[in-house]
>>> print(open('run14.cif').read())   # mmCIF, N, CA and C atoms
data_structure
loop_
_atom_site.label_atom_id
_atom_site.label_comp_id
_atom_site.auth_asym_id
_atom_site.auth_seq_id
_atom_site.Cartn_x
_atom_site.Cartn_y
_atom_site.Cartn_z
N GLN A 18 14.57 -10.45 -11.90
CA GLN A 18 13.17 -10.71 -11.56
C GLN A 18 12.63 -9.55 -10.74
N VAL A 19 11.49 -9.04 -11.15
CA VAL A 19 10.89 -7.90 -10.46
C VAL A 19 10.30 -8.35 -9.13
N GLN A 20 10.57 -7.58 -8.11
CA GLN A 20 10.00 -7.85 -6.79
C GLN A 20 9.49 -6.55 -6.18
N LEU A 21 8.38 -6.69 -5.47
CA LEU A 21 7.88 -5.59 -4.65
C LEU A 21 8.02 -6.00 -3.20
N VAL A 22 8.62 -5.15 -2.41
CA VAL A 22 8.83 -5.46 -1.00
C VAL A 22 8.18 -4.36 -0.16
N GLU A 23 7.23 -4.78 0.68
CA GLU A 23 6.57 -3.85 1.59
C GLU A 23 7.31 -3.82 2.92
N SER A 24 7.24 -2.70 3.59
CA SER A 24 7.82 -2.56 4.91
C SER A 24 7.03 -1.52 5.68
N GLY A 25 7.26 -1.49 6.99
CA GLY A 25 6.65 -0.45 7.81
C GLY A 25 5.48 -0.90 8.66
N GLY A 26 5.05 -2.14 8.50
CA GLY A 26 3.95 -2.62 9.31
C GLY A 26 4.38 -2.83 10.75
N GLY A 27 3.39 -3.09 11.60
CA GLY A 27 3.68 -3.32 13.00
C GLY A 27 2.46 -3.19 13.86
N LEU A 28 2.69 -3.11 15.16
CA LEU A 28 1.62 -2.99 16.14
C LEU A 28 1.56 -1.54 16.60
N VAL A 29 0.36 -0.98 16.59
CA VAL A 29 0.18 0.41 17.00
C VAL A 29 -1.14 0.53 17.74
N GLN A 30 -1.21 1.47 18.66
CA GLN A 30 -2.46 1.70 19.38
C GLN A 30 -3.42 2.52 18.53
N ALA A 31 -4.68 2.36 18.81
CA ALA A 31 -5.70 3.16 18.11
C ALA A 31 -5.38 4.64 18.26
N GLY A 32 -5.53 5.35 17.15
CA GLY A 32 -5.18 6.77 17.13
C GLY A 32 -3.78 7.05 16.65
N GLY A 33 -2.97 6.00 16.55
CA GLY A 33 -1.59 6.16 16.14
C GLY A 33 -1.42 6.19 14.63
N SER A 34 -0.15 6.22 14.22
CA SER A 34 0.18 6.33 12.80
C SER A 34 1.25 5.32 12.41
N LEU A 35 1.23 4.94 11.16
CA LEU A 35 2.28 4.12 10.55
C LEU A 35 2.47 4.59 9.12
N ARG A 36 3.68 4.40 8.62
CA ARG A 36 3.93 4.66 7.21
C ARG A 36 4.46 3.39 6.56
N LEU A 37 3.73 2.91 5.58
CA LEU A 37 4.16 1.74 4.83
C LEU A 37 4.93 2.19 3.59
N ALA A 38 5.87 1.36 3.18
CA ALA A 38 6.63 1.62 1.97
C ALA A 38 6.62 0.39 1.08
N CYS A 39 6.60 0.60 -0.19
CA CYS A 39 6.64 -0.49 -1.18
C CYS A 39 7.72 -0.13 -2.19
N THR A 40 8.78 -0.93 -2.22
CA THR A 40 9.90 -0.64 -3.10
C THR A 40 10.04 -1.73 -4.16
N ALA A 41 10.19 -1.31 -5.39
CA ALA A 41 10.37 -2.23 -6.50
C ALA A 41 11.85 -2.43 -6.79
N SER A 42 12.22 -3.67 -7.08
CA SER A 42 13.59 -3.98 -7.45
C SER A 42 13.60 -4.96 -8.60
N GLY A 43 14.72 -5.07 -9.27
CA GLY A 43 14.87 -6.05 -10.32
C GLY A 43 14.44 -5.60 -11.70
N SER A 44 14.16 -4.31 -11.85
CA SER A 44 13.75 -3.79 -13.15
C SER A 44 14.40 -2.44 -13.39
N ILE A 45 14.79 -2.21 -14.63
CA ILE A 45 15.34 -0.89 -14.95
C ILE A 45 14.20 0.11 -15.20
N PHE A 46 12.97 -0.41 -15.26
CA PHE A 46 11.81 0.44 -15.48
C PHE A 46 11.16 0.79 -14.16
N GLY A 47 10.56 1.94 -14.09
CA GLY A 47 9.96 2.38 -12.85
C GLY A 47 8.52 1.93 -12.69
N ILE A 48 7.99 2.19 -11.51
CA ILE A 48 6.59 1.88 -11.21
C ILE A 48 5.69 2.83 -11.99
N ASN A 49 4.68 2.26 -12.63
CA ASN A 49 3.70 3.09 -13.33
C ASN A 49 2.56 3.37 -12.34
N ASP A 50 1.41 2.77 -12.53
CA ASP A 50 0.34 2.89 -11.55
C ASP A 50 0.62 1.96 -10.37
N ALA A 51 0.13 2.32 -9.19
CA ALA A 51 0.33 1.47 -8.02
C ALA A 51 -0.83 1.63 -7.05
N GLY A 52 -0.97 0.64 -6.20
CA GLY A 52 -2.04 0.71 -5.22
C GLY A 52 -1.72 -0.11 -3.99
N TRP A 53 -2.41 0.22 -2.92
CA TRP A 53 -2.35 -0.55 -1.68
C TRP A 53 -3.68 -1.26 -1.49
N TYR A 54 -3.60 -2.51 -1.06
CA TYR A 54 -4.75 -3.33 -0.75
C TYR A 54 -4.55 -3.88 0.66
N ARG A 55 -5.64 -4.36 1.23
CA ARG A 55 -5.52 -4.99 2.54
C ARG A 55 -6.48 -6.16 2.65
N GLN A 56 -6.10 -7.10 3.49
CA GLN A 56 -6.95 -8.26 3.73
C GLN A 56 -6.97 -8.53 5.23
N ALA A 57 -8.14 -8.35 5.80
CA ALA A 57 -8.34 -8.62 7.22
C ALA A 57 -8.67 -10.09 7.40
N PRO A 58 -8.46 -10.64 8.59
CA PRO A 58 -8.76 -12.05 8.84
C PRO A 58 -10.21 -12.37 8.50
N GLY A 59 -10.40 -13.40 7.69
CA GLY A 59 -11.74 -13.84 7.34
C GLY A 59 -12.44 -12.98 6.31
N LYS A 60 -11.75 -12.01 5.74
CA LYS A 60 -12.37 -11.12 4.76
C LYS A 60 -11.62 -11.16 3.44
N GLN A 61 -12.29 -10.66 2.41
CA GLN A 61 -11.66 -10.60 1.10
C GLN A 61 -10.69 -9.42 1.04
N ARG A 62 -9.73 -9.54 0.13
CA ARG A 62 -8.80 -8.44 -0.09
C ARG A 62 -9.57 -7.25 -0.68
N GLU A 63 -9.26 -6.06 -0.20
CA GLU A 63 -9.96 -4.87 -0.68
C GLU A 63 -8.95 -3.77 -1.02
N ALA A 64 -9.35 -2.95 -1.97
CA ALA A 64 -8.51 -1.82 -2.36
C ALA A 64 -8.56 -0.74 -1.28
N VAL A 65 -7.42 -0.13 -1.04
CA VAL A 65 -7.33 0.92 -0.03
C VAL A 65 -7.06 2.27 -0.70
N ALA A 66 -6.04 2.32 -1.55
CA ALA A 66 -5.66 3.58 -2.18
C ALA A 66 -4.88 3.27 -3.45
N SER A 67 -4.91 4.20 -4.38
CA SER A 67 -4.16 4.03 -5.62
C SER A 67 -3.56 5.36 -6.04
N ILE A 68 -2.50 5.25 -6.84
CA ILE A 68 -1.85 6.45 -7.35
C ILE A 68 -1.41 6.17 -8.78
N SER A 69 -1.68 7.11 -9.66
CA SER A 69 -1.31 6.94 -11.06
C SER A 69 0.13 7.40 -11.29
N SER A 70 0.61 7.16 -12.50
CA SER A 70 1.96 7.60 -12.83
C SER A 70 2.06 9.12 -12.76
N GLY A 71 0.94 9.79 -12.98
CA GLY A 71 0.94 11.24 -12.93
C GLY A 71 0.68 11.82 -11.55
N GLY A 72 0.42 10.93 -10.58
CA GLY A 72 0.23 11.39 -9.21
C GLY A 72 -1.22 11.53 -8.78
N SER A 73 -2.17 11.19 -9.64
CA SER A 73 -3.57 11.23 -9.23
C SER A 73 -3.85 10.12 -8.24
N THR A 74 -4.65 10.43 -7.24
CA THR A 74 -4.89 9.46 -6.17
C THR A 74 -6.37 9.17 -5.99
N ASN A 75 -6.65 7.98 -5.48
CA ASN A 75 -8.01 7.58 -5.12
C ASN A 75 -7.95 6.81 -3.81
N TYR A 76 -9.02 6.92 -3.03
CA TYR A 76 -9.06 6.28 -1.73
C TYR A 76 -10.40 5.58 -1.53
N ALA A 77 -10.34 4.47 -0.82
CA ALA A 77 -11.57 3.82 -0.40
C ALA A 77 -12.23 4.67 0.68
N ASP A 78 -13.56 4.64 0.72
CA ASP A 78 -14.28 5.49 1.66
C ASP A 78 -13.83 5.33 3.12
N PRO A 79 -13.56 4.09 3.59
CA PRO A 79 -13.21 3.95 5.02
C PRO A 79 -11.90 4.64 5.42
N VAL A 80 -11.05 4.96 4.45
CA VAL A 80 -9.75 5.54 4.80
C VAL A 80 -9.60 6.98 4.37
N LYS A 81 -10.59 7.51 3.68
CA LYS A 81 -10.50 8.90 3.21
C LYS A 81 -10.32 9.86 4.39
N GLY A 82 -9.38 10.76 4.22
CA GLY A 82 -9.09 11.73 5.27
C GLY A 82 -8.13 11.23 6.32
N ARG A 83 -7.82 9.93 6.30
CA ARG A 83 -6.89 9.36 7.29
C ARG A 83 -5.61 8.83 6.64
N PHE A 84 -5.73 8.28 5.44
CA PHE A 84 -4.58 7.68 4.75
C PHE A 84 -4.18 8.57 3.57
N THR A 85 -2.88 8.57 3.28
CA THR A 85 -2.36 9.32 2.14
C THR A 85 -1.36 8.45 1.38
N ILE A 86 -1.61 8.27 0.09
CA ILE A 86 -0.69 7.53 -0.76
C ILE A 86 0.20 8.53 -1.50
N SER A 87 1.47 8.19 -1.63
CA SER A 87 2.41 9.06 -2.34
C SER A 87 3.48 8.21 -2.99
N ARG A 88 4.33 8.86 -3.77
CA ARG A 88 5.36 8.09 -4.47
C ARG A 88 6.65 8.91 -4.57
N ASP A 89 7.75 8.17 -4.64
CA ASP A 89 9.06 8.77 -4.88
C ASP A 89 9.65 8.02 -6.06
N ASN A 90 9.53 8.59 -7.24
CA ASN A 90 9.98 7.88 -8.44
C ASN A 90 11.49 7.63 -8.43
N ALA A 91 12.23 8.52 -7.85
CA ALA A 91 13.68 8.34 -7.80
C ALA A 91 14.07 7.11 -6.99
N LYS A 92 13.24 6.78 -6.00
CA LYS A 92 13.51 5.62 -5.16
C LYS A 92 12.68 4.41 -5.57
N ASN A 93 11.87 4.57 -6.63
CA ASN A 93 10.99 3.48 -7.08
C ASN A 93 10.16 2.94 -5.93
N THR A 94 9.60 3.86 -5.16
CA THR A 94 8.90 3.50 -3.93
C THR A 94 7.56 4.23 -3.86
N VAL A 95 6.57 3.50 -3.36
CA VAL A 95 5.24 4.05 -3.10
C VAL A 95 4.99 3.94 -1.60
N TYR A 96 4.40 4.98 -1.03
CA TYR A 96 4.17 5.03 0.41
C TYR A 96 2.68 5.05 0.73
N LEU A 97 2.35 4.62 1.93
CA LEU A 97 1.00 4.79 2.46
C LEU A 97 1.14 5.31 3.88
N GLN A 98 0.83 6.58 4.06
CA GLN A 98 0.83 7.18 5.39
C GLN A 98 -0.54 6.96 6.01
N MET A 99 -0.56 6.30 7.15
CA MET A 99 -1.82 5.95 7.81
C MET A 99 -1.88 6.65 9.15
N ASN A 100 -2.85 7.54 9.29
CA ASN A 100 -3.05 8.27 10.53
C ASN A 100 -4.39 7.91 11.16
N SER A 101 -4.55 8.27 12.41
CA SER A 101 -5.81 8.02 13.13
C SER A 101 -6.26 6.58 12.94
N LEU A 102 -5.36 5.66 13.15
CA LEU A 102 -5.67 4.25 12.92
C LEU A 102 -6.71 3.75 13.91
N ILE A 103 -7.55 2.86 13.44
CA ILE A 103 -8.59 2.25 14.25
C ILE A 103 -8.42 0.73 14.16
N PRO A 104 -8.99 0.00 15.13
CA PRO A 104 -8.82 -1.47 15.10
C PRO A 104 -9.29 -2.11 13.79
N GLU A 105 -10.29 -1.51 13.14
CA GLU A 105 -10.78 -2.05 11.88
C GLU A 105 -9.77 -1.95 10.74
N ASP A 106 -8.70 -1.22 10.95
CA ASP A 106 -7.63 -1.14 9.95
C ASP A 106 -6.66 -2.33 10.04
N THR A 107 -6.83 -3.16 11.05
CA THR A 107 -5.96 -4.32 11.20
C THR A 107 -6.10 -5.25 10.00
N ALA A 108 -4.97 -5.54 9.36
CA ALA A 108 -4.98 -6.37 8.15
C ALA A 108 -3.55 -6.56 7.67
N VAL A 109 -3.41 -7.46 6.72
CA VAL A 109 -2.17 -7.54 5.96
C VAL A 109 -2.31 -6.57 4.79
N TYR A 110 -1.36 -5.70 4.64
CA TYR A 110 -1.39 -4.69 3.58
C TYR A 110 -0.45 -5.11 2.46
N TYR A 111 -1.00 -5.09 1.25
CA TYR A 111 -0.26 -5.51 0.07
C TYR A 111 -0.10 -4.34 -0.90
N CYS A 112 1.04 -4.34 -1.55
CA CYS A 112 1.30 -3.38 -2.60
C CYS A 112 1.10 -4.07 -3.95
N ASN A 113 0.51 -3.34 -4.87
CA ASN A 113 0.34 -3.83 -6.23
C ASN A 113 0.82 -2.74 -7.18
N ALA A 114 1.64 -3.11 -8.15
CA ALA A 114 2.19 -2.08 -9.03
C ALA A 114 2.33 -2.60 -10.45
N GLU A 115 2.19 -1.67 -11.38
CA GLU A 115 2.40 -1.99 -12.78
C GLU A 115 3.79 -1.51 -13.18
N ILE A 116 4.56 -2.43 -13.75
CA ILE A 116 5.88 -2.09 -14.27
C ILE A 116 5.96 -2.66 -15.67
N LEU A 117 6.12 -1.79 -16.65
CA LEU A 117 6.22 -2.19 -18.04
C LEU A 117 5.08 -3.13 -18.42
N ARG A 118 3.86 -2.71 -18.15
CA ARG A 118 2.61 -3.39 -18.54
C ARG A 118 2.38 -4.72 -17.83
N ALA A 119 3.17 -5.08 -16.87
CA ALA A 119 2.92 -6.27 -16.07
C ALA A 119 2.63 -5.83 -14.63
N ARG A 120 1.74 -6.56 -13.96
CA ARG A 120 1.36 -6.20 -12.59
C ARG A 120 2.02 -7.17 -11.61
N TYR A 121 2.43 -6.63 -10.51
CA TYR A 121 3.12 -7.41 -9.49
C TYR A 121 2.50 -7.15 -8.13
N TRP A 122 2.60 -8.17 -7.27
CA TRP A 122 2.15 -8.07 -5.89
C TRP A 122 3.34 -8.27 -4.96
N GLY A 123 3.32 -7.53 -3.87
CA GLY A 123 4.25 -7.83 -2.81
C GLY A 123 3.70 -8.93 -1.93
N LYS A 124 4.49 -9.33 -0.93
CA LYS A 124 4.07 -10.43 -0.05
C LYS A 124 3.27 -9.93 1.14
N GLY A 125 3.23 -8.63 1.32
CA GLY A 125 2.41 -8.06 2.37
C GLY A 125 3.15 -7.73 3.64
N THR A 126 2.57 -6.80 4.39
CA THR A 126 3.10 -6.44 5.70
C THR A 126 1.93 -6.30 6.66
N LEU A 127 2.08 -6.85 7.85
CA LEU A 127 0.98 -6.91 8.81
C LEU A 127 0.89 -5.63 9.62
N VAL A 128 -0.32 -5.09 9.67
CA VAL A 128 -0.62 -3.93 10.51
C VAL A 128 -1.65 -4.37 11.55
N THR A 129 -1.33 -4.19 12.81
CA THR A 129 -2.23 -4.53 13.89
C THR A 129 -2.49 -3.29 14.73
N VAL A 130 -3.77 -2.94 14.86
CA VAL A 130 -4.16 -1.76 15.63
C VAL A 130 -4.90 -2.24 16.88
N SER A 131 -4.34 -1.94 18.02
CA SER A 131 -4.96 -2.36 19.28
C SER A 131 -5.86 -1.26 19.82
N SER A 132 -6.91 -1.70 20.50
CA SER A 132 -7.89 -0.72 21.04
C SER A 132 -7.52 -0.28 22.44
#
>>> encode(input="run14.cif", output="structure tokens")
Amino acid sequence: QVQLVESGGGLVQAGGSLRLACTASGSIFGINDAGWYRQAPGKQREAVASISSGGSTNYADPVKGRFTISRDNAKNTVYLQMNSLIPEDTAVYYCNAEILRARYWGKGTLVTVSS
């Protein structure tokens, strides 16, 4: 059974950095396209960043210049490097990935940015 497991969340002060990781297991096939989403308390889930199988990236306007999405195909892992964090970045961060034409979600990792 394919699973996506996020890690790297935690509590950080404003201006700090965190690196999230999303690792796929349970499949002999690798991650194709992938993305990070977040859901803040009382708000809808929103897209944060995406990366294609070829490495092309896209970012939501609020995180451009601060967040970087990357991938390590050998480790079947997608990363989200988050710098210059602000309290508005506080949310549960979810990984979404396509593996062999099916899409999967992780269970999320909580990021809390204190002011």
>>> atom_distance(input="run14.cif", atom1="atom CA of Lys92 of chain A", atom2="atom CA of Val22 of chain A")
12.7 Å
>>> atom_distance(input="run14.cif", atom1="atom N of Gly82 of chain A", atom2="atom C of Tyr121 of chain A")
24.8 Å
>>> select_by_dssp(input="run14.cif", residues="segment 62-122 of chain A", states="helix (DSSP H, G or I)", output="MDAnalysis selection string")
chainID A and resid 78:80 90:92 104:106
>>> closest_residue(input="run14.cif", among="A:Lys124, A:Asp89, A:Leu21, A:Glu105", to="Ala41 of chain A", atoms="all atoms listed in the file")
A:Leu21
>>> closest_residue(input="run14.cif", among="A:Glu23, A:Glu63, A:Asp106, A:Asp78", to="Leu37 of chain A", atoms="all atoms listed in the file")
A:Glu23
>>> resolve_selection(input="run14.cif", expression="the PyMOL selection byres ((chain A and resi 28) around 8)", output="ChimeraX atom specification")
/A:25-27,29-31,127-131
>>> resolve_selection(input="run14.cif", expression="the PyMOL selection byres ((chain A and resi 50-58) around 8)", output="VMD selection string")
chain A and resid 47 to 49 59 to 71 86 95 to 97 105 to 117
>>> closest_residue(input="run14.cif", among="A:Thr85, A:Thr74, A:Ser24, A:Asn93", to="Ile45 of chain A", atoms="only C-alpha atoms")
A:Asn93
>>> resolve_selection(input="run14.cif", expression="the PyMOL selection byres ((chain A and resi 20) around 7)", output="ChimeraX atom specification")
/A:18-19,21-22,40-44,122-123
>>> closest_residue(input="run14.cif", among="A:Pro104, A:Ala119, A:Ser73, A:Phe46", to="Ser132 of chain A", atoms="all atoms listed in the file")
A:Pro104
>>> atom_distance(input="run14.cif", atom1="atom C of Ser101 of chain A", atom2="atom CA of Gly33 of chain A")
5.7 Å
>>> build_atoms(input="run14.cif", residues="segment 41-52 of chain A", atoms="all heavy atoms", output="compact mmCIF listing (two decimals), in the frame of the given file")
# COMPACT_ATOMS: atom_id res chain seq x y z
N ALA A 41 10.19 -1.31 -5.39
CA ALA A 41 10.37 -2.23 -6.50
C ALA A 41 11.85 -2.43 -6.79
O ALA A 41 12.63 -1.47 -6.77
CB ALA A 41 9.67 -1.72 -7.75
N SER A 42 12.22 -3.67 -7.08
CA SER A 42 13.59 -3.98 -7.45
C SER A 42 13.60 -4.96 -8.60
O SER A 42 12.59 -5.60 -8.89
CB SER A 42 14.36 -4.55 -6.26
OG SER A 42 13.78 -5.78 -5.86
N GLY A 43 14.72 -5.07 -9.27
CA GLY A 43 14.87 -6.05 -10.32
C GLY A 43 14.44 -5.60 -11.70
O GLY A 43 14.36 -6.40 -12.62
N SER A 44 14.16 -4.31 -11.85
CA SER A 44 13.75 -3.79 -13.15
C SER A 44 14.40 -2.44 -13.39
O SER A 44 14.52 -1.63 -12.47
CB SER A 44 12.24 -3.65 -13.22
OG SER A 44 11.85 -3.01 -14.44
N ILE A 45 14.79 -2.21 -14.63
CA ILE A 45 15.34 -0.89 -14.95
C ILE A 45 14.20 0.11 -15.20
O ILE A 45 14.44 1.30 -15.32
CB ILE A 45 16.24 -0.96 -16.19
CG1 ILE A 45 15.46 -1.42 -17.43
CG2 ILE A 45 17.43 -1.89 -15.93
CD1 ILE A 45 16.25 -1.32 -18.71
N PHE A 46 12.97 -0.41 -15.26
CA PHE A 46 11.81 0.44 -15.48
C PHE A 46 11.16 0.79 -14.16
O PHE A 46 11.18 0.00 -13.21
CB PHE A 46 10.81 -0.25 -16.40
CG PHE A 46 11.37 -0.56 -17.76
CD1 PHE A 46 11.85 -1.83 -18.05
CD2 PHE A 46 11.45 0.42 -18.74
CE1 PHE A 46 12.37 -2.12 -19.30
CE2 PHE A 46 11.98 0.14 -19.97
CZ PHE A 46 12.45 -1.13 -20.26
N GLY A 47 10.56 1.94 -14.09
CA GLY A 47 9.96 2.38 -12.85
C GLY A 47 8.52 1.93 -12.69
O GLY A 47 7.91 1.35 -13.59
N ILE A 48 7.99 2.19 -11.51
CA ILE A 48 6.59 1.88 -11.21
C ILE A 48 5.69 2.83 -11.99
O ILE A 48 5.91 4.04 -11.99
CB ILE A 48 6.32 2.02 -9.70
CG1 ILE A 48 7.07 0.92 -8.93
CG2 ILE A 48 4.83 1.94 -9.42
CD1 ILE A 48 6.98 1.07 -7.42
N ASN A 49 4.68 2.26 -12.63
CA ASN A 49 3.70 3.09 -13.33
C ASN A 49 2.56 3.37 -12.34
O ASN A 49 2.73 4.13 -11.40
CB ASN A 49 3.22 2.37 -14.58
CG ASN A 49 2.46 3.29 -15.52
OD1 ASN A 49 2.31 4.48 -15.25
ND2 ASN A 49 1.97 2.75 -16.61
N ASP A 50 1.41 2.77 -12.53
CA ASP A 50 0.34 2.89 -11.55
C ASP A 50 0.62 1.96 -10.37
O ASP A 50 1.23 0.90 -10.54
CB ASP A 50 -1.01 2.52 -12.16
CG ASP A 50 -1.43 3.49 -13.25
OD1 ASP A 50 -0.83 4.57 -13.34
OD2 ASP A 50 -2.35 3.14 -14.00
N ALA A 51 0.13 2.32 -9.19
CA ALA A 51 0.33 1.47 -8.02
C ALA A 51 -0.83 1.63 -7.05
O ALA A 51 -1.56 2.62 -7.09
CB ALA A 51 1.65 1.83 -7.33
N GLY A 52 -0.97 0.64 -6.20
CA GLY A 52 -2.04 0.71 -5.22
C GLY A 52 -1.72 -0.11 -3.99
O GLY A 52 -0.86 -0.99 -4.01
